[in-house]
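Source file: target17.cif; contents: mmCIF, C-alpha atoms and all ligand atoms.
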data_structure
#
loop_
_atom_site.label_atom_id
_atom_site.label_comp_id
_atom_site.auth_asym_id
_atom_site.auth_seq_id
_atom_site.Cartn_x
_atom_site.Cartn_y
_atom_site.Cartn_z
CA MET A 21 19.61 11.65 -17.74
CA ALA A 22 18.83 11.92 -14.03
CA ARG A 23 15.61 10.21 -13.06
CA VAL A 24 12.73 12.34 -11.77
CA ALA A 25 11.35 11.61 -8.29
CA VAL A 26 8.20 12.98 -6.63
CA VAL A 27 7.84 12.85 -2.85
CA THR A 28 4.44 13.69 -1.35
CA GLY A 29 4.58 15.47 1.97
CA GLY A 30 8.17 16.00 0.92
CA THR A 31 9.07 19.20 2.74
CA ARG A 32 8.77 18.11 6.40
CA GLY A 33 9.55 15.16 8.63
CA ILE A 34 10.24 11.82 6.98
CA GLY A 35 9.36 13.27 3.56
CA GLU A 36 11.94 16.03 3.88
CA ALA A 37 14.64 13.46 4.67
CA ILE A 38 13.56 11.37 1.66
CA SER A 39 13.62 14.38 -0.70
CA ILE A 40 17.11 15.34 0.44
CA ALA A 41 18.48 11.80 0.27
CA LEU A 42 17.15 11.34 -3.27
CA ARG A 43 18.64 14.68 -4.33
CA ASP A 44 21.98 13.61 -2.83
CA LYS A 45 21.80 10.42 -4.94
CA GLY A 46 21.52 12.59 -8.07
CA TYR A 47 17.79 12.37 -8.78
CA LYS A 48 15.77 15.40 -9.90
CA VAL A 49 13.35 15.79 -7.00
CA ALA A 50 9.97 17.52 -6.70
CA ALA A 51 8.55 17.81 -3.19
CA ASN A 52 4.79 18.10 -2.80
CA TYR A 53 3.28 19.74 0.29
CA GLY A 54 -0.25 20.25 1.50
CA GLY A 55 -0.44 23.27 3.73
CA ASN A 56 2.57 24.81 5.37
CA ALA A 57 3.84 27.27 2.74
CA GLU A 58 6.31 28.91 5.10
CA VAL A 59 8.06 25.62 5.85
CA ALA A 60 8.00 24.67 2.17
CA ALA A 61 9.62 27.97 1.16
CA ALA A 62 12.34 27.54 3.77
CA PHE A 63 12.87 23.94 2.61
CA THR A 64 13.25 25.01 -1.02
CA LYS A 65 15.61 27.81 -0.06
CA ALA A 66 17.79 25.50 2.02
CA THR A 67 17.83 22.51 -0.35
CA GLY A 68 17.27 23.87 -3.86
CA ILE A 69 14.45 21.30 -4.23
CA LYS A 70 11.35 22.82 -5.79
CA SER A 71 8.16 22.41 -3.78
CA TYR A 72 4.64 22.05 -5.20
CA LYS A 73 1.47 22.71 -3.25
CA TRP A 74 -1.57 20.51 -3.68
CA ASP A 75 -3.90 18.34 -1.64
CA VAL A 76 -3.08 14.66 -2.25
CA SER A 77 -6.59 13.65 -1.19
CA ASP A 78 -7.96 15.47 -4.26
CA PHE A 79 -7.82 13.43 -7.47
CA ALA A 80 -7.89 16.40 -9.87
CA GLN A 81 -5.18 18.26 -7.94
CA CYS A 82 -2.91 15.20 -8.15
CA GLN A 83 -3.38 15.03 -11.92
CA ALA A 84 -2.59 18.75 -12.25
CA GLY A 85 0.39 18.55 -9.89
CA ILE A 86 2.02 15.71 -11.82
CA LYS A 87 1.35 17.50 -15.12
CA GLN A 88 3.16 20.58 -13.79
CA ILE A 89 6.13 18.57 -12.50
CA GLU A 90 6.44 16.73 -15.81
CA ALA A 91 6.45 20.06 -17.64
CA ASP A 92 9.17 21.38 -15.30
CA LEU A 93 11.40 18.32 -14.78
CA GLY A 94 10.33 15.60 -17.22
CA PRO A 95 8.47 12.29 -16.90
CA VAL A 96 8.15 10.90 -13.37
CA ASP A 97 10.17 7.70 -12.81
CA ILE A 98 9.92 7.49 -9.02
CA LEU A 99 6.95 8.18 -6.77
CA VAL A 100 7.15 8.15 -2.99
CA ASN A 101 3.70 8.29 -1.37
CA ASN A 102 4.69 9.67 2.00
CA ALA A 103 2.05 12.30 2.84
CA GLY A 104 0.08 11.37 5.91
CA ILE A 105 -1.77 12.74 8.92
CA THR A 106 -3.01 11.50 12.27
CA ARG A 107 -6.36 12.30 13.88
CA ASP A 108 -6.05 9.99 16.88
CA GLY A 109 -8.92 9.18 19.18
CA THR A 110 -10.71 6.14 20.51
CA MET A 111 -13.58 4.83 18.39
CA HIS A 112 -16.29 5.98 20.79
CA LYS A 113 -15.02 9.57 20.53
CA MET A 114 -13.97 9.62 16.85
CA SER A 115 -15.97 11.78 14.43
CA PHE A 116 -16.67 10.85 10.83
CA GLU A 117 -14.36 13.73 9.82
CA GLN A 118 -11.45 12.23 11.78
CA TRP A 119 -12.05 8.89 10.06
CA ASN A 120 -12.53 10.33 6.59
CA GLN A 121 -9.67 12.83 6.62
CA VAL A 122 -7.18 10.10 7.50
CA ILE A 123 -8.53 7.61 4.95
CA GLN A 124 -8.57 10.23 2.17
CA THR A 125 -5.19 11.77 2.96
CA ASN A 126 -3.26 8.61 3.78
CA LEU A 127 -4.87 5.98 1.54
CA SER A 128 -6.92 7.52 -1.27
CA SER A 129 -3.88 9.70 -1.98
CA CYS A 130 -1.99 6.57 -3.03
CA PHE A 131 -4.65 5.84 -5.64
CA ASN A 132 -4.74 9.48 -6.77
CA MET A 133 -0.97 9.75 -7.14
CA CYS A 134 -0.34 6.33 -8.66
CA ARG A 135 -3.16 6.86 -11.15
CA ALA A 136 -1.48 10.09 -12.29
CA VAL A 137 1.88 8.43 -13.04
CA ILE A 138 1.12 4.80 -13.85
CA GLU A 139 0.30 5.15 -17.54
CA GLY A 140 3.56 7.00 -18.23
CA MET A 141 5.57 4.44 -16.27
CA ARG A 142 3.93 1.59 -18.17
CA ALA A 143 4.60 3.26 -21.51
CA ARG A 144 8.29 3.82 -20.62
CA LYS A 145 8.61 0.34 -19.03
CA PHE A 146 10.18 1.71 -15.86
CA GLY A 147 8.85 2.86 -12.53
CA ARG A 148 9.63 2.82 -8.83
CA ILE A 149 6.80 3.37 -6.37
CA VAL A 150 7.34 3.36 -2.62
CA ASN A 151 4.39 3.76 -0.27
CA ILE A 152 5.06 4.72 3.32
CA GLY A 153 3.01 2.42 5.54
CA SER A 154 3.41 2.06 9.29
CA ILE A 155 4.01 -0.34 12.12
CA ASN A 156 0.55 0.70 13.24
CA GLY A 157 -0.92 -0.66 9.98
CA GLN A 158 0.78 -3.97 10.72
CA ALA A 159 0.10 -4.28 14.45
CA GLY A 160 -2.81 -1.89 15.11
CA GLN A 161 -2.64 0.87 17.70
CA TYR A 162 -4.99 1.97 20.47
CA GLY A 163 -6.65 5.23 19.40
CA GLN A 164 -5.94 4.80 15.68
CA VAL A 165 -8.66 2.78 13.93
CA ASN A 166 -8.55 5.38 11.13
CA TYR A 167 -4.77 5.47 10.75
CA ALA A 168 -4.27 1.72 11.18
CA ALA A 169 -6.97 1.00 8.58
CA ALA A 170 -5.40 3.45 6.10
CA LYS A 171 -1.86 2.16 6.60
CA SER A 172 -2.97 -1.46 6.48
CA GLY A 173 -4.78 -0.56 3.26
CA ILE A 174 -1.51 0.80 1.89
CA HIS A 175 0.14 -2.56 2.49
CA GLY A 176 -2.57 -4.37 0.50
CA PHE A 177 -2.57 -1.70 -2.22
CA THR A 178 1.21 -2.17 -2.57
CA LYS A 179 0.97 -5.92 -3.11
CA ALA A 180 -1.84 -5.61 -5.68
CA LEU A 181 -0.17 -2.87 -7.71
CA ALA A 182 3.16 -4.74 -7.55
CA GLN A 183 1.52 -7.63 -9.40
CA GLU A 184 0.14 -5.30 -12.06
CA GLY A 185 3.39 -3.41 -12.53
CA ALA A 186 5.84 -6.32 -12.61
CA ALA A 187 5.65 -7.05 -16.32
CA ALA A 188 6.06 -3.35 -17.14
CA GLY A 189 9.27 -2.82 -15.17
CA ILE A 190 7.47 -1.05 -12.32
CA THR A 191 8.29 -2.08 -8.77
CA VAL A 192 5.93 -1.22 -5.93
CA ASN A 193 7.08 -1.58 -2.34
CA ALA A 194 6.15 -0.32 1.09
CA VAL A 195 8.27 0.89 3.97
CA ALA A 196 6.71 0.45 7.40
CA PRO A 197 8.32 2.90 9.81
CA GLY A 198 8.04 2.47 13.53
CA TYR A 199 8.08 5.49 15.82
CA ILE A 200 10.33 8.08 14.15
CA ASP A 201 11.44 11.34 15.75
CA THR A 202 9.17 13.77 13.86
CA ASP A 203 6.48 16.33 14.70
CA MET A 204 3.83 13.62 14.24
CA VAL A 205 5.31 11.39 16.93
CA ARG A 206 6.15 14.31 19.21
CA ALA A 207 2.41 15.09 19.24
CA VAL A 208 1.73 11.82 21.11
CA PRO A 209 1.10 12.58 24.81
CA PRO A 210 4.50 12.30 26.58
CA ASN A 211 3.35 9.68 29.09
CA VAL A 212 2.03 7.50 26.23
CA LEU A 213 5.18 7.99 24.14
CA GLU A 214 7.40 7.08 27.06
CA LYS A 215 5.65 3.69 27.32
CA ILE A 216 5.95 3.13 23.56
CA VAL A 217 9.70 3.88 23.51
CA ALA A 218 10.17 1.48 26.43
CA ARG A 219 8.90 -1.28 24.11
CA ILE A 220 11.40 -0.54 21.29
CA PRO A 221 14.26 -3.07 21.58
CA VAL A 222 16.77 -0.64 20.02
CA GLY A 223 15.86 1.72 22.85
CA ARG A 224 15.17 4.94 20.97
CA LEU A 225 12.98 6.60 18.36
CA GLY A 226 14.05 6.16 14.75
CA LYS A 227 15.55 8.94 12.64
CA ALA A 228 13.92 10.23 9.46
CA SER A 229 17.22 9.60 7.67
CA GLU A 230 16.87 5.89 8.52
CA ILE A 231 13.63 5.75 6.53
CA ALA A 232 15.16 7.82 3.71
CA ARG A 233 18.02 5.39 3.17
CA THR A 234 15.53 2.52 2.95
CA VAL A 235 13.61 4.38 0.25
CA CYS A 236 16.85 5.05 -1.66
CA PHE A 237 17.62 1.32 -1.57
CA LEU A 238 14.20 0.41 -3.00
CA VAL A 239 14.12 2.98 -5.82
CA ASP A 240 17.57 2.17 -7.16
CA ASP A 241 17.76 1.10 -10.81
CA GLU A 242 19.28 -2.15 -9.52
CA GLY A 243 16.17 -2.86 -7.42
CA GLY A 244 14.12 -4.43 -10.23
CA PHE A 245 13.66 -7.78 -8.47
CA ILE A 246 12.34 -6.31 -5.21
CA THR A 247 8.61 -5.78 -5.57
CA GLY A 248 5.53 -6.23 -3.42
CA SER A 249 7.63 -6.22 -0.26
CA THR A 250 7.19 -4.34 2.98
CA LEU A 251 10.40 -3.30 4.69
CA SER A 252 9.90 -2.73 8.41
CA VAL A 253 12.16 -0.08 9.94
CA ASN A 254 11.07 0.02 13.55
CA GLY A 255 13.96 -0.75 15.90
CA GLY A 256 12.61 -4.28 16.44
CA GLN A 257 9.31 -3.08 17.96
CA HIS A 258 7.24 -5.36 15.72
CA MET A 259 8.77 -8.26 13.80
CA TYR A 260 6.48 -9.12 10.95
N1 LIG A 301 -3.67 0.10 25.49
C1 LIG A 301 -4.63 -0.05 26.42
N2 LIG A 301 -5.19 0.97 27.06
C2 LIG A 301 -4.75 2.21 26.77
C3 LIG A 301 -3.75 2.43 25.81
C4 LIG A 301 -3.20 1.32 25.19
N3 LIG A 301 -2.23 1.46 24.26
N4 LIG A 301 -3.53 3.78 25.74
C5 LIG A 301 -4.39 4.35 26.62
N5 LIG A 301 -5.10 3.41 27.23
C6 LIG A 301 -6.11 3.61 28.27
C7 LIG A 301 -5.62 4.57 29.34
O1 LIG A 301 -4.82 3.88 30.27
C8 LIG A 301 -6.91 5.10 29.92
O2 LIG A 301 -7.45 4.13 30.80
P1 LIG A 301 -8.13 4.59 32.18
O3 LIG A 301 -9.24 5.52 31.80
O4 LIG A 301 -8.59 3.30 32.77
O5 LIG A 301 -7.02 5.26 32.95
C9 LIG A 301 -7.86 5.09 28.72
O6 LIG A 301 -7.26 4.24 27.73
C10 LIG A 301 -8.01 6.49 28.13
O7 LIG A 301 -6.71 6.92 27.71
P2 LIG A 301 -6.41 8.43 27.44
O8 LIG A 301 -6.50 9.23 28.67
O9 LIG A 301 -5.13 8.48 26.70
O10 LIG A 301 -7.65 8.82 26.52
P3 LIG A 301 -7.82 10.00 25.55
O11 LIG A 301 -9.16 9.86 24.93
O12 LIG A 301 -7.47 11.28 26.19
O13 LIG A 301 -6.69 9.74 24.44
C11 LIG A 301 -5.58 8.65 22.69
C12 LIG A 301 -6.68 8.55 23.74
C13 LIG A 301 -5.88 9.80 21.73
C14 LIG A 301 -5.61 7.36 21.93
C15 LIG A 301 -4.21 8.89 23.36
O14 LIG A 301 -3.97 7.85 24.27
C16 LIG A 301 -3.10 8.89 22.34
O15 LIG A 301 -2.85 9.87 21.67
N6 LIG A 301 -2.39 7.75 22.20
C17 LIG A 301 -1.27 7.65 21.26
C18 LIG A 301 -1.74 6.98 20.01
C19 LIG A 301 -0.53 6.77 19.13
O16 LIG A 301 0.37 6.01 19.43
N7 LIG A 301 -0.50 7.42 18.00
C20 LIG A 301 0.63 7.30 17.12
C21 LIG A 301 0.91 8.62 16.48
S1 LIG A 301 2.43 8.61 15.59
C22 LIG A 301 2.11 7.71 14.25
O17 LIG A 301 1.03 7.30 13.98
C23 LIG A 301 3.27 7.47 13.34
C24 LIG A 301 3.45 6.04 13.06
O18 LIG A 301 3.16 5.58 11.96
C25 LIG A 301 4.07 5.17 14.10
#
Write out the structure in this file as structure tokens.
Amino acid sequence: MARVAVVTGGTRGIGEAISIALRDKGYKVAANYGGNAEVAAAFTKATGIKSYKWDVSDFAQCQAGIKQIEADLGPVDILVNNAGITRDGTMHKMSFEQWNQVIQTNLSSCFNMCRAVIEGMRARKFGRIVNIGSINGQAGQYGQVNYAAAKSGIHGFTKALAQEGAAAGITVNAVAPGYIDTDMVRAVPPNVLEKIVARIPVGRLGKASEIARTVCFLVDDEGGFITGSTLSVNGGQHMY
């Protein structure tokens, strides 16, 4: 039986590439999305991967979303917590909303989603959880106290849950992308982005498919001894 994988923020950007790569590996994939119904419909039409709308920052919606997916596809074996937003701004200009939206959407979502699947994974003695962190959670980034705190939180969350899951056959790992060619990175002011790319030893932005193949590596059935790790995929920009 094909394993069931859920990818949050799975219809655009890095998440879209992860959903497609997992489908191509033979998994049954469900792609969650938060807002852009038009893009999600086009994604489903193009890929055949069903998309599910809910807000990952809402605990009850995560419970309901997983319940629906399990009714449609079966128990969830693989969870990729990819959904994330930026609300960049320097501290002295940042509103509480900018702080809170990023913490809730990027970090609390990991609790909400893991809580919805963890009991089933423990009962079945198998699970693969991959949380998408960031180079900016490892190194910090000017204008991103909210995002860096959330992503850094994801790295700690990953190591703690890895310890809890180990005896139950559940691995929990993080991938820390650098600057990847997506809408999120294209929103960085061009003069700022130019300076960032100049500091990437590989000399270019990453591709979403380069994150997707890392996720596929970690969720493989053969990956049972890799847990609590953070795999940096950043073109050498930060070696950690
Ligand atoms: N280090 C030091 N100083 C910096 C700096 C940096 N990295 N970036 C900007 N500054 C300085 C500027 O030189 C400027 O100084 P002066 O006033 O002396 O000229 C001052 O800070 C103000 O800069 P801005 O004009 O840029 O200020 P702003 O308020 O308009 O914008 C900002 C600030 C929103 C942080 C903007 O610079 C920005 O968007 N930066 C990009 C942040 C970024 O990298 N975000 C990543 C998004 S992608 C992502 O997050 C995905 C992932 O995981 C990698």
> Excluding same-chain residues fewer than 6 positions from Leu42 in chain A, what lies within 12 Å of it counting all atoms listed in the file, as a ChimeraX atom specification?
Replying inline: /A:22-27,30,35-36,48-51,67,69,98-100,229,231-240
File dump, residues just selected, C-alpha atoms, as a short mmCIF file (atom, residue, chain, number, x, y, z; two decimals), keeping the file's coordinate frame:
data_model
loop_
_atom_site.label_atom_id
_atom_site.label_comp_id
_atom_site.auth_asym_id
_atom_site.auth_seq_id
_atom_site.Cartn_x
_atom_site.Cartn_y
_atom_site.Cartn_z
CA ALA A 22 18.83 11.92 -14.03
CA ARG A 23 15.61 10.21 -13.06
CA VAL A 24 12.73 12.34 -11.77
CA ALA A 25 11.35 11.61 -8.29
CA VAL A 26 8.20 12.98 -6.63
CA VAL A 27 7.84 12.85 -2.85
CA GLY A 30 8.17 16.00 0.92
CA GLY A 35 9.36 13.27 3.56
CA GLU A 36 11.94 16.03 3.88
CA LYS A 48 15.77 15.40 -9.90
CA VAL A 49 13.35 15.79 -7.00
CA ALA A 50 9.97 17.52 -6.70
CA ALA A 51 8.55 17.81 -3.19
CA THR A 67 17.83 22.51 -0.35
CA ILE A 69 14.45 21.30 -4.23
CA ILE A 98 9.92 7.49 -9.02
CA LEU A 99 6.95 8.18 -6.77
CA VAL A 100 7.15 8.15 -2.99
CA SER A 229 17.22 9.60 7.67
CA ILE A 231 13.63 5.75 6.53
CA ALA A 232 15.16 7.82 3.71
CA ARG A 233 18.02 5.39 3.17
CA THR A 234 15.53 2.52 2.95
CA VAL A 235 13.61 4.38 0.25
CA CYS A 236 16.85 5.05 -1.66
CA PHE A 237 17.62 1.32 -1.57
CA LEU A 238 14.20 0.41 -3.00
CA VAL A 239 14.12 2.98 -5.82
CA ASP A 240 17.57 2.17 -7.16
#
> Do you know which residues are at most 7 Å from Gly256 in chain A counting all atoms listed in the file, after dropping those on the same chain fewer than 6 positions away, and could you put them as an MDAnalysis selection string?
Replying inline: chainID A and resid 220:222
Residues of chain A within 6 Å of ligand LIG 301 (chain A): nearest atom pair and distance (Å, one decimal) for each, counting all atoms listed in the file, sorted by chain and number, as JSON lines?
{"residue": "A:Asp108", "atom": "CA", "partner": "A:LIG301", "partner_atom": "C13", "distance": 4.9}
{"residue": "A:Gly109", "atom": "CA", "partner": "A:LIG301", "partner_atom": "C13", "distance": 4.0}
{"residue": "A:Thr110", "atom": "CA", "partner": "A:LIG301", "partner_atom": "C14", "distance": 5.4}
{"residue": "A:Ser154", "atom": "CA", "partner": "A:LIG301", "partner_atom": "O18", "distance": 4.4}
{"residue": "A:Ile155", "atom": "CA", "partner": "A:LIG301", "partner_atom": "C25", "distance": 5.9}
{"residue": "A:Asn156", "atom": "CA", "partner": "A:LIG301", "partner_atom": "O18", "distance": 5.7}
{"residue": "A:Tyr162", "atom": "CA", "partner": "A:LIG301", "partner_atom": "N3", "distance": 4.7}
{"residue": "A:Gly163", "atom": "CA", "partner": "A:LIG301", "partner_atom": "C14", "distance": 3.5}
{"residue": "A:Gly198", "atom": "CA", "partner": "A:LIG301", "partner_atom": "C25", "distance": 4.8}
{"residue": "A:Tyr199", "atom": "CA", "partner": "A:LIG301", "partner_atom": "C25", "distance": 4.4}
{"residue": "A:Met204", "atom": "CA", "partner": "A:LIG301", "partner_atom": "S1", "distance": 5.4}
{"residue": "A:Val205", "atom": "CA", "partner": "A:LIG301", "partner_atom": "S1", "distance": 4.2}
{"residue": "A:Val208", "atom": "CA", "partner": "A:LIG301", "partner_atom": "O15", "distance": 5.0}
{"residue": "A:Pro209", "atom": "CA", "partner": "A:LIG301", "partner_atom": "O15", "distance": 5.7}
{"residue": "A:Val212", "atom": "CA", "partner": "A:LIG301", "partner_atom": "C17", "distance": 6.0}
> Can you list, as JSON, numbers by chain, every protein, DNA or RNA residue that comes within 12 Å of Gly223 in chain A when you count all atoms listed in the file, leaving out same-chain residues fewer than 6 positions away?
Replying inline: {"A": [199, 214, 215, 216, 217, 254, 255, 256, 257]}
>> Taking all atoms listed in the file into account, name the residue in A:Ala143, A:Thr31, A:Gly173, A:Ala84 that is nearest to Ala66 in chain A.
In response: A:Thr31
>> What's the separation between CA of Cys130 in chain A and CA of Pro197 in chain A, in Å to one decimal place?
In response: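 The value is 16.9 Å.
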>> When you look at Gln158 in chain A with a cut-off of 10 Å (counting all atoms listed in the file), what residues show up, excluding the ones that are within fewer than 2 positions of it in the same chain? I need them as a count of residues only.
In response: 17
> At what distance in Å, to one decimal, does CA of Ile200 in chain A lie from CA of Gly33 in chain A?
Replying inline: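 About the pair CA of Gly33 in chain A and CA of Ile200 in chain A: they are 9.0 Å apart.
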>> Neighbouring residues of range 145-150 of chain A were defined as those with any atom within 9 Å, considering only C-alpha atoms; residues of the same chain fewer than 2 positions away were excluded. Please report them as a VMD selection string.
In response: chain A and resid 25 96 to 102 134 137 to 138 140 to 143 152 178 182 185 187 to 195 235 238 to 241 243 to 244
> Any idea what the distance is between CA of Arg32 in chain A and CA of Phe63 in chain A?
Replying inline: 8.1 Å
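Closest approach to Gln81 in chain A among A:Gln164, A:Thr202, A:Asn211, A:Ser129: A:Ser129, based on all atoms listed in the file.
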> Hey, which of A:Asn151, A:Ser128, A:Asn120, A:Ser71 ends up closest to Ala57 in chain A? Count only C-alpha atoms.
Replying inline: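 Between A:Asn151, A:Ser128, A:Asn120, A:Ser71, the residue approaching Ala57 in chain A most closely is A:Ser71.
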> When distances are computed from all atoms listed in the file, which of A:Met114, A:Ala80, A:Ile123, A:Ala170 shows the smallest separation from Arg135 in chain A?
Replying inline: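 Between A:Met114, A:Ala80, A:Ile123, A:Ala170, the residue approaching Arg135 in chain A most closely is A:Ala80.
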Can you sort out range 159-186 of chain A so it carries N, CA and C atoms, written as a PDB file, keeping the file's coordinate frame?
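Wrote rebuild08.pdb, looks like this:
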ATOM      1  N   ALA A 159       0.384  -3.763  13.109  1.00  0.00           N
ATOM      2  CA  ALA A 159       0.100  -4.280  14.450  1.00  0.00           C
ATOM      3  C   ALA A 159      -1.155  -3.689  15.076  1.00  0.00           C
ATOM      4  N   GLY A 160      -1.712  -2.618  14.470  1.00  0.00           N
ATOM      5  CA  GLY A 160      -2.810  -1.890  15.110  1.00  0.00           C
ATOM      6  C   GLY A 160      -2.263  -0.977  16.202  1.00  0.00           C
ATOM      7  N   GLN A 161      -3.056  -0.028  16.624  1.00  0.00           N
ATOM      8  CA  GLN A 161      -2.640   0.870  17.700  1.00  0.00           C
ATOM      9  C   GLN A 161      -3.870   1.454  18.375  1.00  0.00           C
ATOM     10  N   TYR A 162      -3.913   1.374  19.663  1.00  0.00           N
ATOM     11  CA  TYR A 162      -4.990   1.970  20.470  1.00  0.00           C
ATOM     12  C   TYR A 162      -5.170   3.434  20.064  1.00  0.00           C
ATOM     13  N   GLY A 163      -6.383   3.826  19.753  1.00  0.00           N
ATOM     14  CA  GLY A 163      -6.650   5.230  19.400  1.00  0.00           C
ATOM     15  C   GLY A 163      -6.432   5.557  17.933  1.00  0.00           C
ATOM     16  N   GLN A 164      -6.262   4.519  17.094  1.00  0.00           N
ATOM     17  CA  GLN A 164      -5.940   4.800  15.680  1.00  0.00           C
ATOM     18  C   GLN A 164      -6.688   3.878  14.711  1.00  0.00           C
ATOM     19  N   VAL A 165      -7.970   3.654  14.909  1.00  0.00           N
ATOM     20  CA  VAL A 165      -8.660   2.780  13.930  1.00  0.00           C
ATOM     21  C   VAL A 165      -8.577   3.378  12.529  1.00  0.00           C
ATOM     22  N   ASN A 166      -8.625   4.718  12.446  1.00  0.00           N
ATOM     23  CA  ASN A 166      -8.550   5.380  11.130  1.00  0.00           C
ATOM     24  C   ASN A 166      -7.175   5.192  10.506  1.00  0.00           C
ATOM     25  N   TYR A 167      -6.150   5.526  11.255  1.00  0.00           N
ATOM     26  CA  TYR A 167      -4.770   5.470  10.750  1.00  0.00           C
ATOM     27  C   TYR A 167      -4.338   4.032  10.467  1.00  0.00           C
ATOM     28  N   ALA A 168      -4.667   3.127  11.377  1.00  0.00           N
ATOM     29  CA  ALA A 168      -4.270   1.720  11.180  1.00  0.00           C
ATOM     30  C   ALA A 168      -4.962   1.142   9.953  1.00  0.00           C
ATOM     31  N   ALA A 169      -6.238   1.507   9.756  1.00  0.00           N
ATOM     32  CA  ALA A 169      -6.970   1.000   8.580  1.00  0.00           C
ATOM     33  C   ALA A 169      -6.333   1.550   7.298  1.00  0.00           C
ATOM     34  N   ALA A 170      -6.002   2.842   7.295  1.00  0.00           N
ATOM     35  CA  ALA A 170      -5.400   3.450   6.100  1.00  0.00           C
ATOM     36  C   ALA A 170      -4.036   2.833   5.803  1.00  0.00           C
ATOM     37  N   LYS A 171      -3.213   2.686   6.825  1.00  0.00           N
ATOM     38  CA  LYS A 171      -1.860   2.160   6.600  1.00  0.00           C
ATOM     39  C   LYS A 171      -1.896   0.685   6.227  1.00  0.00           C
ATOM     40  N   SER A 172      -2.794  -0.069   6.852  1.00  0.00           N
ATOM     41  CA  SER A 172      -2.970  -1.460   6.480  1.00  0.00           C
ATOM     42  C   SER A 172      -3.443  -1.542   5.031  1.00  0.00           C
ATOM     43  N   GLY A 173      -4.322  -0.640   4.654  1.00  0.00           N
ATOM     44  CA  GLY A 173      -4.780  -0.560   3.260  1.00  0.00           C
ATOM     45  C   GLY A 173      -3.618  -0.312   2.311  1.00  0.00           C
ATOM     46  N   ILE A 174      -2.684   0.520   2.716  1.00  0.00           N
ATOM     47  CA  ILE A 174      -1.510   0.800   1.890  1.00  0.00           C
ATOM     48  C   ILE A 174      -0.716  -0.486   1.647  1.00  0.00           C
ATOM     49  N   HIS A 175      -0.632  -1.326   2.668  1.00  0.00           N
ATOM     50  CA  HIS A 175       0.140  -2.560   2.490  1.00  0.00           C
ATOM     51  C   HIS A 175      -0.535  -3.477   1.470  1.00  0.00           C
ATOM     52  N   GLY A 176      -1.854  -3.568   1.490  1.00  0.00           N
ATOM     53  CA  GLY A 176      -2.570  -4.370   0.500  1.00  0.00           C
ATOM     54  C   GLY A 176      -2.488  -3.758  -0.892  1.00  0.00           C
ATOM     55  N   PHE A 177      -2.663  -2.460  -0.957  1.00  0.00           N
ATOM     56  CA  PHE A 177      -2.570  -1.700  -2.220  1.00  0.00           C
ATOM     57  C   PHE A 177      -1.216  -1.982  -2.880  1.00  0.00           C
ATOM     58  N   THR A 178      -0.162  -1.976  -2.066  1.00  0.00           N
ATOM     59  CA  THR A 178       1.210  -2.170  -2.570  1.00  0.00           C
ATOM     60  C   THR A 178       1.352  -3.541  -3.231  1.00  0.00           C
ATOM     61  N   LYS A 179       0.815  -4.564  -2.568  1.00  0.00           N
ATOM     62  CA  LYS A 179       0.970  -5.920  -3.110  1.00  0.00           C
ATOM     63  C   LYS A 179       0.160  -6.100  -4.393  1.00  0.00           C
ATOM     64  N   ALA A 180      -1.013  -5.479  -4.469  1.00  0.00           N
ATOM     65  CA  ALA A 180      -1.840  -5.610  -5.680  1.00  0.00           C
ATOM     66  C   ALA A 180      -1.193  -4.880  -6.851  1.00  0.00           C
ATOM     67  N   LEU A 181      -0.754  -3.643  -6.614  1.00  0.00           N
ATOM     68  CA  LEU A 181      -0.170  -2.870  -7.710  1.00  0.00           C
ATOM     69  C   LEU A 181       1.175  -3.467  -8.146  1.00  0.00           C
ATOM     70  N   ALA A 182       1.888  -4.093  -7.201  1.00  0.00           N
ATOM     71  CA  ALA A 182       3.160  -4.740  -7.550  1.00  0.00           C
ATOM     72  C   ALA A 182       2.914  -5.835  -8.593  1.00  0.00           C
ATOM     73  N   GLN A 183       1.823  -6.568  -8.427  1.00  0.00           N
ATOM     74  CA  GLN A 183       1.520  -7.630  -9.400  1.00  0.00           C
ATOM     75  C   GLN A 183       1.213  -7.050 -10.762  1.00  0.00           C
ATOM     76  N   GLU A 184       0.496  -5.921 -10.781  1.00  0.00           N
ATOM     77  CA  GLU A 184       0.140  -5.300 -12.060  1.00  0.00           C
ATOM     78  C   GLU A 184       1.360  -4.691 -12.750  1.00  0.00           C
ATOM     79  N   GLY A 185       2.272  -4.157 -11.944  1.00  0.00           N
ATOM     80  CA  GLY A 185       3.390  -3.410 -12.530  1.00  0.00           C
ATOM     81  C   GLY A 185       4.558  -4.275 -12.972  1.00  0.00           C
ATOM     82  N   ALA A 186       4.626  -5.495 -12.443  1.00  0.00           N
ATOM     83  CA  ALA A 186       5.840  -6.320 -12.610  1.00  0.00           C
ATOM     84  C   ALA A 186       6.258  -6.481 -14.066  1.00  0.00           C
TER      85      ALA A 186
END
